[in-house]
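Undergrad: Structure supplied as query_4.tsv; contents: TSV, C-alpha atoms and all ligand atoms.
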chain	number	residue	atom	x	y	z
A	1156	MET	CA	28.15	5.70	-17.65
A	1157	SER	CA	25.06	7.53	-18.95
A	1158	ARG	CA	22.39	8.64	-16.46
A	1159	LYS	CA	19.81	6.43	-18.21
A	1160	ARG	CA	22.05	3.35	-17.91
A	1161	LEU	CA	22.76	4.12	-14.25
A	1162	PHE	CA	19.02	4.48	-13.58
A	1163	LEU	CA	18.30	1.09	-15.24
A	1164	LEU	CA	21.08	-0.59	-13.22
A	1165	MET	CA	19.60	0.83	-10.01
A	1166	LEU	CA	16.17	-0.48	-10.96
A	1167	VAL	CA	17.52	-3.99	-11.54
A	1168	ALA	CA	19.32	-3.88	-8.18
A	1169	VAL	CA	16.17	-2.82	-6.36
A	1170	ALA	CA	14.16	-5.47	-8.21
A	1171	GLY	CA	16.54	-8.02	-6.70
A	1172	ILE	CA	15.98	-6.61	-3.22
A	1173	TYR	CA	12.25	-6.68	-3.91
A	1174	GLY	CA	12.58	-10.46	-4.15
A	1175	CYS	CA	11.51	-10.67	-7.74
A	1176	VAL	CA	14.58	-11.67	-9.67
A	1177	LYS	CA	14.72	-14.91	-7.70
A	1178	THR	CA	10.99	-15.48	-8.07
A	1179	PRO	CA	9.92	-15.29	-11.70
A	1180	MET	CA	6.17	-15.14	-12.30
A	1181	THR	CA	4.66	-18.32	-13.64
A	1182	GLU	CA	0.96	-17.71	-13.01
A	1183	LYS	CA	-1.37	-17.76	-15.98
A	1184	PRO	CA	-3.55	-14.72	-16.51
A	1185	GLY	CA	-7.17	-15.25	-15.54
A	1186	ASN	CA	-7.10	-14.86	-11.80
A	1187	GLN	CA	-5.18	-11.67	-11.31
A	1188	SER	CA	-5.84	-11.35	-7.58
A	1189	SER	CA	-4.59	-14.83	-6.73
A	1190	ALA	CA	-1.52	-14.25	-8.90
A	1191	VAL	CA	-0.82	-11.04	-6.96
A	1192	ALA	CA	-1.30	-12.84	-3.64
A	1193	ALA	CA	1.00	-15.66	-4.76
A	1194	TYR	CA	3.65	-13.15	-5.80
A	1195	PHE	CA	3.57	-11.37	-2.45
A	1196	ASP	CA	3.44	-14.71	-0.60
A	1197	ARG	CA	6.88	-15.37	-2.07
A	1198	CYS	CA	8.05	-11.89	-1.07
A	1199	ALA	CA	6.84	-12.62	2.48
A	1200	ASP	CA	8.78	-15.88	2.62
A	1201	GLU	CA	11.90	-13.98	1.56
A	1202	GLY	CA	11.34	-11.30	4.22
A	1203	VAL	CA	11.33	-8.59	1.55
A	1204	PHE	CA	9.05	-6.11	3.36
A	1205	ASP	CA	9.95	-6.97	6.96
A	1206	GLN	CA	11.89	-3.80	7.77
A	1207	PHE	CA	12.43	-0.29	6.40
A	1208	SER	CA	15.87	0.66	5.21
A	1209	PRO	CA	17.25	3.63	7.22
A	1210	GLU	CA	16.41	6.00	4.31
A	1211	GLU	CA	12.86	4.61	3.93
A	1212	LEU	CA	12.32	4.89	7.67
A	1213	ILE	CA	13.09	8.62	7.61
A	1214	VAL	CA	10.62	9.15	4.74
A	1215	ALA	CA	7.96	6.95	6.41
A	1216	LYS	CA	8.22	9.00	9.63
A	1217	GLU	CA	7.91	12.26	7.70
A	1218	ILE	CA	4.90	10.97	5.77
A	1219	LEU	CA	3.23	9.85	9.00
A	1220	ALA	CA	3.88	13.26	10.58
A	1221	GLN	CA	2.05	14.86	7.65
A	1222	MET	CA	-0.98	12.59	8.23
A	1223	ASN	CA	-1.50	14.10	11.67
A	1224	ILE	CA	-2.70	10.81	13.18
A	1225	ARG	CA	-4.02	11.25	16.73
A	1226	PRO	CA	-4.42	8.94	19.73
A	1227	GLY	CA	-7.83	7.27	19.49
A	1228	ASP	CA	-8.02	7.39	15.66
A	1229	LYS	CA	-9.51	4.42	13.84
A	1230	LEU	CA	-7.43	3.53	10.80
A	1231	ALA	CA	-7.46	0.92	8.08
A	1232	GLU	CA	-4.20	-0.04	6.43
A	1233	ALA	CA	-4.82	-1.58	3.01
A	1234	GLY	CA	-2.09	-4.00	1.96
A	1235	CYS	CA	-0.26	-3.96	5.29
A	1236	GLY	CA	2.32	-6.52	4.15
A	1237	ALA	CA	4.51	-7.78	6.99
A	1238	GLY	CA	3.40	-4.90	9.24
A	1239	ARG	CA	6.43	-2.59	9.27
A	1240	LEU	CA	4.17	0.50	8.96
A	1241	THR	CA	1.37	-1.10	11.01
A	1242	GLU	CA	3.66	-1.10	14.02
A	1243	MET	CA	4.21	2.65	13.69
A	1244	LEU	CA	0.49	3.29	13.17
A	1245	ALA	CA	-0.30	1.31	16.33
A	1246	GLY	CA	2.02	3.56	18.34
A	1247	LEU	CA	0.36	6.71	16.95
A	1248	VAL	CA	-3.27	5.70	17.63
A	1249	GLY	CA	-2.39	4.24	21.04
A	1250	PRO	CA	-4.42	1.72	23.06
A	1251	GLU	CA	-7.64	3.73	22.69
A	1252	GLY	CA	-7.38	3.70	18.88
A	1253	LYS	CA	-7.66	0.97	16.29
A	1254	VAL	CA	-5.68	-0.19	13.27
A	1255	PHE	CA	-7.43	-2.63	10.97
A	1256	ALA	CA	-4.54	-3.99	8.91
A	1257	PHE	CA	-5.38	-6.26	6.00
A	1258	ASP	CA	-3.62	-7.87	3.09
A	1259	ILE	CA	-4.53	-10.19	0.24
A	1260	SER	CA	-1.43	-12.37	0.75
A	1261	PRO	CA	-1.91	-15.04	3.44
A	1262	ARG	CA	1.85	-15.32	4.02
A	1263	MET	CA	2.17	-11.54	4.51
A	1264	VAL	CA	-0.68	-11.70	7.02
A	1265	GLU	CA	1.06	-14.53	8.86
A	1266	ARG	CA	4.29	-12.53	8.94
A	1267	CYS	CA	2.40	-9.49	10.24
A	1268	ARG	CA	0.80	-11.60	13.00
A	1269	GLN	CA	4.22	-12.95	14.01
A	1270	ARG	CA	5.27	-9.39	14.78
A	1271	GLY	CA	3.26	-9.50	18.02
A	1272	LEU	CA	1.60	-6.12	17.58
A	1273	PRO	CA	-0.41	-4.54	20.43
A	1274	SER	CA	-4.12	-5.22	20.95
A	1275	GLN	CA	-5.33	-2.10	19.10
A	1276	VAL	CA	-4.22	-3.85	15.88
A	1277	GLU	CA	-6.55	-6.27	14.15
A	1278	ILE	CA	-5.05	-8.20	11.24
A	1279	ALA	CA	-7.06	-9.84	8.48
A	1280	CYS	CA	-6.51	-11.59	5.19
A	1281	ALA	CA	-8.77	-9.64	2.86
A	1282	SER	CA	-8.85	-7.78	-0.43
A	1283	ALA	CA	-9.28	-4.04	-0.83
A	1284	ILE	CA	-12.37	-4.71	-2.92
A	1285	ASP	CA	-14.12	-6.61	-0.10
A	1286	ILE	CA	-13.17	-5.29	3.34
A	1287	PRO	CA	-14.87	-7.31	6.10
A	1288	VAL	CA	-16.17	-4.36	8.16
A	1289	GLY	CA	-19.36	-2.26	8.26
A	1290	ARG	CA	-19.98	1.21	6.80
A	1291	GLY	CA	-18.28	4.35	8.11
A	1292	GLU	CA	-15.85	2.57	10.46
A	1293	PHE	CA	-12.64	4.48	9.83
A	1294	ASP	CA	-11.27	8.00	10.17
A	1295	ALA	CA	-8.60	7.27	7.58
A	1296	ILE	CA	-7.39	4.60	5.17
A	1297	ILE	CA	-3.71	4.31	4.37
A	1298	CYS	CA	-2.32	2.67	1.24
A	1299	HIS	CA	1.46	2.61	1.69
A	1300	ASN	CA	3.33	1.27	-1.38
A	1301	THR	CA	0.16	-0.61	-2.30
A	1302	PHE	CA	-2.29	1.25	-4.55
A	1303	PRO	CA	-0.70	0.22	-7.90
A	1304	HIS	CA	-1.21	-3.43	-6.95
A	1305	PHE	CA	-5.00	-3.18	-6.72
A	1306	ASP	CA	-6.18	-4.79	-9.95
A	1307	ASP	CA	-9.63	-3.19	-9.76
A	1308	LYS	CA	-8.89	0.35	-8.57
A	1309	PRO	CA	-12.43	1.77	-8.96
A	1310	ALA	CA	-13.81	-1.15	-6.92
A	1311	ALA	CA	-11.17	-0.60	-4.22
A	1312	LEU	CA	-11.96	3.13	-4.05
A	1313	ARG	CA	-15.71	2.44	-3.81
A	1314	GLU	CA	-15.01	0.06	-0.96
A	1315	PHE	CA	-12.82	2.66	0.79
A	1316	HIS	CA	-15.68	5.13	0.40
A	1317	ARG	CA	-18.05	2.65	2.06
A	1318	VAL	CA	-15.86	1.98	5.10
A	1319	LEU	CA	-14.73	5.59	5.73
A	1320	ARG	CA	-16.76	7.95	7.89
A	1321	ASP	CA	-18.36	10.97	6.19
A	1322	ASP	CA	-15.35	13.29	6.09
A	1323	GLY	CA	-12.81	10.47	6.34
A	1324	VAL	CA	-9.46	10.67	4.58
A	1325	LEU	CA	-7.73	8.42	2.07
A	1326	TRP	CA	-3.93	8.47	1.87
A	1327	ILE	CA	-2.03	6.94	-1.05
A	1328	VAL	CA	1.66	7.13	-0.23
A	1329	HIS	CA	4.96	5.77	-1.52
A	1330	SER	CA	8.53	6.14	-0.39
A	1331	ARG	CA	9.57	6.99	-3.99
A	1332	SER	CA	8.31	9.09	-6.91
A	1333	ARG	CA	5.51	7.90	-9.22
A	1334	GLU	CA	7.95	7.52	-12.12
A	1335	TRP	CA	10.28	5.39	-9.98
A	1336	VAL	CA	7.46	3.11	-8.76
A	1337	ASN	CA	6.09	2.58	-12.27
A	1338	SER	CA	9.55	1.92	-13.73
A	1339	LEU	CA	10.26	-0.62	-11.00
A	1340	HIS	CA	7.05	-2.55	-11.64
A	1341	SER	CA	7.53	-2.61	-15.40
A	1342	SER	CA	11.16	-3.74	-15.02
A	1343	ILE	CA	10.08	-6.58	-12.70
A	1344	GLY	CA	7.43	-7.62	-15.24
A	1345	GLY	CA	5.17	-10.65	-14.87
A	1346	VAL	CA	2.12	-9.98	-12.77
A	1347	LEU	CA	3.52	-6.57	-11.69
A	1348	ALA	CA	4.03	-5.30	-15.25
A	1349	THR	CA	0.67	-3.51	-15.37
A	1350	HIS	CA	0.72	-2.29	-11.74
A	1351	VAL	CA	0.74	1.42	-12.37
A	1352	LEU	CA	0.34	4.41	-10.12
A	1353	PRO	CA	-1.88	6.51	-12.42
A	1354	ASP	CA	-1.06	10.09	-13.37
A	1355	ARG	CA	-2.77	13.03	-11.71
A	1356	ALA	CA	-5.54	13.41	-14.31
A	1357	GLU	CA	-6.46	9.72	-14.16
A	1358	LEU	CA	-6.39	9.67	-10.35
A	1359	GLU	CA	-8.52	12.80	-10.16
A	1360	ARG	CA	-11.07	11.13	-12.46
A	1361	LEU	CA	-11.04	7.87	-10.48
A	1362	LEU	CA	-11.43	9.71	-7.18
A	1363	ARG	CA	-14.23	11.95	-8.46
A	1364	GLU	CA	-16.15	8.99	-9.88
A	1365	THR	CA	-15.93	7.13	-6.58
A	1366	GLY	CA	-16.97	10.03	-4.34
A	1367	PHE	CA	-13.61	11.48	-3.25
A	1368	SER	CA	-12.04	14.93	-3.67
A	1369	LEU	CA	-8.32	15.31	-4.19
A	1370	GLU	CA	-6.88	17.51	-1.42
A	1371	LEU	CA	-3.18	17.33	-2.13
A	1372	LEU	CA	-0.72	15.51	-4.33
A	1373	HIS	CA	3.05	15.75	-3.87
A	1374	ASP	CA	5.11	13.74	-6.34
A	1375	LEU	CA	8.74	14.21	-5.21
A	1376	PRO	CA	11.93	12.24	-5.94
A	1377	ASP	CA	11.85	10.53	-2.52
A	1378	ARG	CA	8.10	10.27	-1.88
A	1379	TYR	CA	4.61	10.36	-3.30
A	1380	LEU	CA	1.82	11.66	-1.13
A	1381	LEU	CA	-1.84	11.87	-2.08
A	1382	LYS	CA	-4.62	12.93	0.25
A	1383	ALA	CA	-8.29	12.67	-0.72
A	1384	THR	CA	-11.39	13.28	1.37
A	1385	ARG	CA	-14.59	11.33	1.26
A	1386	GLY	CA	-17.68	13.25	0.25
A	1387	SER	CA	-21.04	12.22	1.66
A	1401	LIG	C1	4.73	-3.57	-1.97
A	1401	LIG	S1	3.85	-4.41	-0.71
A	1401	LIG	C2	3.80	-3.18	0.56
A	1401	LIG	C3	3.45	-3.74	1.91
A	1401	LIG	C4	3.37	-2.71	3.03
A	1401	LIG	N1	2.36	-1.70	2.77
A	1401	LIG	C5	4.72	-2.07	3.23
A	1401	LIG	O1	4.96	-0.96	2.73
A	1401	LIG	O2	5.55	-2.71	3.88
A	1401	LIG	C6	2.19	-4.39	-1.36
A	1401	LIG	C7	1.20	-5.19	-0.53
A	1401	LIG	O3	-0.12	-5.01	-1.06
A	1401	LIG	C8	-0.81	-6.24	-0.95
A	1401	LIG	N2	-1.95	-6.25	-1.88
A	1401	LIG	C9	-1.92	-6.29	-3.23
A	1401	LIG	N3	-3.16	-6.26	-3.74
A	1401	LIG	C10	-4.01	-6.21	-2.68
A	1401	LIG	C11	-5.42	-6.13	-2.56
A	1401	LIG	N4	-6.23	-6.14	-3.63
A	1401	LIG	N5	-5.96	-6.07	-1.33
A	1401	LIG	C12	-5.16	-6.06	-0.21
A	1401	LIG	N6	-3.81	-6.13	-0.27
A	1401	LIG	C13	-3.23	-6.18	-1.50
A	1401	LIG	C14	0.25	-7.27	-1.29
A	1401	LIG	O4	-0.09	-8.58	-0.89
A	1401	LIG	C15	1.47	-6.70	-0.56
A	1401	LIG	O5	1.61	-7.20	0.75
Rewrite the coordinates I just gave you, this time as structure tokens.
TA:
Amino acid sequence: MSRKRLFLLMLVAVAGIYGCVKTPMTEKPGNQSSAVAAYFDRCADEGVFDQFSPEELIVAKEILAQMNIRPGDKLAEAGCGAGRLTEMLAGLVGPEGKVFAFDISPRMVERCRQRGLPSQVEIACASAIDIPVGRGEFDAIICHNTFPHFDDKPAALREFHRVLRDDGVLWIVHSRSREWVNSLHSSIGGVLATHVLPDRAELERLLRETGFSLELLHDLPDRYLLKATRGS
């Protein structure tokens, strides 16, 4: 079997795990955000993002180690899903820290609440373009497997800039390469078809225009890691 064919077969298999083969998109264009929420509501009902696979868990731990999160940190997790990373973040910031975990999908938020996370975690149903907190609240914002799904990326980045403290940090991370993520979304199609993790040049432009500086970008076969700092 050719490598290309093998790659396509793997994508289709993962799309099934992602809960998308069983849940074809039927929403009409026009309200992109509610279509995205409806899509992930179905994923939540199927338990798609409840747990990490053993391989993903190793990568997630390594990514978190690189973030150097400390007890007492105040974090926002954009698109927390069912809370599998939120739980790890809560352990790292400890009882004196805070994790504000939010998601646009009401069913994901419900699933996250059912996890019974400790009191340093606050969970909200909200969009990345309208985060219900004041200015300068967070030391860091983490987008784990989420950034491509923001339909208005400049608006989301402007909102992250508003809620981060002066030298706060934005992390955009994935447990796969950019090419893999983009291929997966285009193979799933429907509302996800245009959910792209932009290339370096485009991200640099988006970050610059919204007041961030790119600090590092690692695009590896098993992970994607972007760190940007907020300018004042
Ligand atoms: C692929 S899932 C990842 C969930 C979680 N970060 C994880 O890795 O388990 C993407 C999540 O982003 C959420 N999402 C998409 N667009 C959003 C937006 N504009 N604001 C907040 N959350 C959003 C979805 O509802 C979904 O739960």
Undergrad: Could you check which of A:Leu1219, A:Ile1296, A:Ala1233, A:Ile1327 is closest to ligand LIG 1401 (chain A), using all atoms listed in the file?
TA: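 Smallest distance to ligand LIG 1401 (chain A) is found for A:Ala1233.
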Undergrad: Could you report the residues within 7 Å of ligand LIG 1401 (chain A), using all atoms listed in the file, as a PyMOL selection string?
TA: chain A and resi 1188+1191-1192+1195+1204-1205+1233-1240+1257-1260+1263+1281-1284+1298-1301+1304-1306
Undergrad: Might you pull out every residue within 12 Å of segment 1369-1374 of chain A, with all atoms listed in the file counted and same-chain residues fewer than 5 positions away left off, and present them as a PDB file with C-alpha atoms, keeping the file's coordinate frame?
TA:
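Final output, saved to out12.pdb:
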ATOM      1  CA  ILE A1218       4.900  10.970   5.770  1.00  0.00           C
ATOM      2  CA  GLN A1221       2.050  14.860   7.650  1.00  0.00           C
ATOM      3  CA  MET A1222      -0.980  12.590   8.230  1.00  0.00           C
ATOM      4  CA  VAL A1324      -9.460  10.670   4.580  1.00  0.00           C
ATOM      5  CA  LEU A1325      -7.730   8.420   2.070  1.00  0.00           C
ATOM      6  CA  TRP A1326      -3.930   8.470   1.870  1.00  0.00           C
ATOM      7  CA  ILE A1327      -2.030   6.940  -1.050  1.00  0.00           C
ATOM      8  CA  VAL A1328       1.660   7.130  -0.230  1.00  0.00           C
ATOM      9  CA  HIS A1329       4.960   5.770  -1.520  1.00  0.00           C
ATOM     10  CA  SER A1330       8.530   6.140  -0.390  1.00  0.00           C
ATOM     11  CA  ARG A1331       9.570   6.990  -3.990  1.00  0.00           C
ATOM     12  CA  SER A1332       8.310   9.090  -6.910  1.00  0.00           C
ATOM     13  CA  ARG A1333       5.510   7.900  -9.220  1.00  0.00           C
ATOM     14  CA  GLU A1334       7.950   7.520 -12.120  1.00  0.00           C
ATOM     15  CA  TRP A1335      10.280   5.390  -9.980  1.00  0.00           C
ATOM     16  CA  VAL A1336       7.460   3.110  -8.760  1.00  0.00           C
ATOM     17  CA  LEU A1352       0.340   4.410 -10.120  1.00  0.00           C
ATOM     18  CA  PRO A1353      -1.880   6.510 -12.420  1.00  0.00           C
ATOM     19  CA  ASP A1354      -1.060  10.090 -13.370  1.00  0.00           C
ATOM     20  CA  ARG A1355      -2.770  13.030 -11.710  1.00  0.00           C
ATOM     21  CA  ALA A1356      -5.540  13.410 -14.310  1.00  0.00           C
ATOM     22  CA  GLU A1357      -6.460   9.720 -14.160  1.00  0.00           C
ATOM     23  CA  LEU A1358      -6.390   9.670 -10.350  1.00  0.00           C
ATOM     24  CA  GLU A1359      -8.520  12.800 -10.160  1.00  0.00           C
ATOM     25  CA  ARG A1360     -11.070  11.130 -12.460  1.00  0.00           C
ATOM     26  CA  LEU A1361     -11.040   7.870 -10.480  1.00  0.00           C
ATOM     27  CA  LEU A1362     -11.430   9.710  -7.180  1.00  0.00           C
ATOM     28  CA  ARG A1363     -14.230  11.950  -8.460  1.00  0.00           C
ATOM     29  CA  GLU A1364     -16.150   8.990  -9.880  1.00  0.00           C
ATOM     30  CA  TYR A1379       4.610  10.360  -3.300  1.00  0.00           C
ATOM     31  CA  LEU A1380       1.820  11.660  -1.130  1.00  0.00           C
ATOM     32  CA  LEU A1381      -1.840  11.870  -2.080  1.00  0.00           C
ATOM     33  CA  LYS A1382      -4.620  12.930   0.250  1.00  0.00           C
ATOM     34  CA  ALA A1383      -8.290  12.670  -0.720  1.00  0.00           C
ATOM     35  CA  THR A1384     -11.390  13.280   1.370  1.00  0.00           C
ATOM     36  CA  ARG A1385     -14.590  11.330   1.260  1.00  0.00           C
ATOM     37  CA  GLY A1386     -17.680  13.250   0.250  1.00  0.00           C
TER      38      GLY A1386
END
Undergrad: Give me, please, the distance in Å between atom CA of Phe1302 of chain A and atom CA of Ala1348 of chain A, quoted to one decimal.
TA: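 Between atom CA of Phe1302 of chain A and atom CA of Ala1348 of chain A the gap works out to 14.0 Å.
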Undergrad: Closest to Asp1228 of chain A among A:Val1288, A:Ala1190, A:Ala1295, A:Val1203, using only C-alpha atoms?
TA: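 Of A:Val1288, A:Ala1190, A:Ala1295, A:Val1203, the one nearest Asp1228 of chain A, counting only C-alpha atoms, is A:Ala1295.
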Undergrad: Please, what distance in Å, to one decimal, runs between atom CA of Arg1378 of chain A and atom CA of His1340 of chain A?
TA: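 Computing it gives 16.1 Å between the two atoms.
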Undergrad: Give the answer as one residue: which of A:Asp1196, A:Gln1187, A:Glu1277, A:Leu1272 has the shortest atom-to-atom distance to Ala1231 of chain A, using only C-alpha atoms?
TA: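 Residue with the minimum atom-to-atom distance to Ala1231 of chain A: A:Glu1277.
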Undergrad: So how far away is atom CA of Ser1387 of chain A from atom CA of Asp1322 of chain A, in Å?
TA: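 One can read the atom CA of Asp1322 of chain A to atom CA of Ser1387 of chain A distance as 7.3 Å.
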Undergrad: Using all atoms listed in the file, can you tell me which of A:Met1243, A:Ala1220, A:Ala1279, A:Val1254 comes closest to Cys1267 of chain A?
TA: A:Ala1279
Undergrad: Find the residues near segment 1224-1227 of chain A: any atom within 10 Å, counting all atoms listed in the file, skip ones fewer than 6 places away on the same chain, and give them as a list in words.
TA: Leu1244, Ala1245, Gly1246, Leu1247, Val1248, Gly1249, Pro1250, Glu1251, Gly1252, Lys1253, Val1254, Gln1275, Asp1294 and Ala1295 of chain A
Undergrad: May I ask which of the residues A:Asp1321, A:Arg1270, A:Thr1349, A:Val1276 is the closest one to Pro1303 of chain A, counting only C-alpha atoms?
TA: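 Using only C-alpha atoms, Pro1303 of chain A sits closest to A:Thr1349.
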Undergrad: Taking (-17.6, 4.3, 0.8) in the file's own coordinates, collect the residues within 10 Å, counting all atoms listed in the file, and hand them back as a PDB file with C-alpha atoms, in the frame of the given file.
TA:
ATOM      1  CA  ARG A1290     -19.980   1.210   6.800  1.00  0.00           C
ATOM      2  CA  GLY A1291     -18.280   4.350   8.110  1.00  0.00           C
ATOM      3  CA  GLU A1292     -15.850   2.570  10.460  1.00  0.00           C
ATOM      4  CA  ALA A1311     -11.170  -0.600  -4.220  1.00  0.00           C
ATOM      5  CA  LEU A1312     -11.960   3.130  -4.050  1.00  0.00           C
ATOM      6  CA  ARG A1313     -15.710   2.440  -3.810  1.00  0.00           C
ATOM      7  CA  GLU A1314     -15.010   0.060  -0.960  1.00  0.00           C
ATOM      8  CA  PHE A1315     -12.820   2.660   0.790  1.00  0.00           C
ATOM      9  CA  HIS A1316     -15.680   5.130   0.400  1.00  0.00           C
ATOM     10  CA  ARG A1317     -18.050   2.650   2.060  1.00  0.00           C
ATOM     11  CA  VAL A1318     -15.860   1.980   5.100  1.00  0.00           C
ATOM     12  CA  LEU A1319     -14.730   5.590   5.730  1.00  0.00           C
ATOM     13  CA  ARG A1320     -16.760   7.950   7.890  1.00  0.00           C
ATOM     14  CA  ASP A1321     -18.360  10.970   6.190  1.00  0.00           C
ATOM     15  CA  GLY A1323     -12.810  10.470   6.340  1.00  0.00           C
ATOM     16  CA  THR A1365     -15.930   7.130  -6.580  1.00  0.00           C
ATOM     17  CA  GLY A1366     -16.970  10.030  -4.340  1.00  0.00           C
ATOM     18  CA  PHE A1367     -13.610  11.480  -3.250  1.00  0.00           C
ATOM     19  CA  ARG A1385     -14.590  11.330   1.260  1.00  0.00           C
ATOM     20  CA  GLY A1386     -17.680  13.250   0.250  1.00  0.00           C
ATOM     21  CA  SER A1387     -21.040  12.220   1.660  1.00  0.00           C
TER      22      SER A1387
END
Undergrad: I'd like to know which of A:Val1264, A:Val1346, A:Ala1256, A:Val1214 is closest to Pro1376 of chain A, using all atoms listed in the file.
TA: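 Answer, going by the shortest atom-to-atom distance: A:Val1214.
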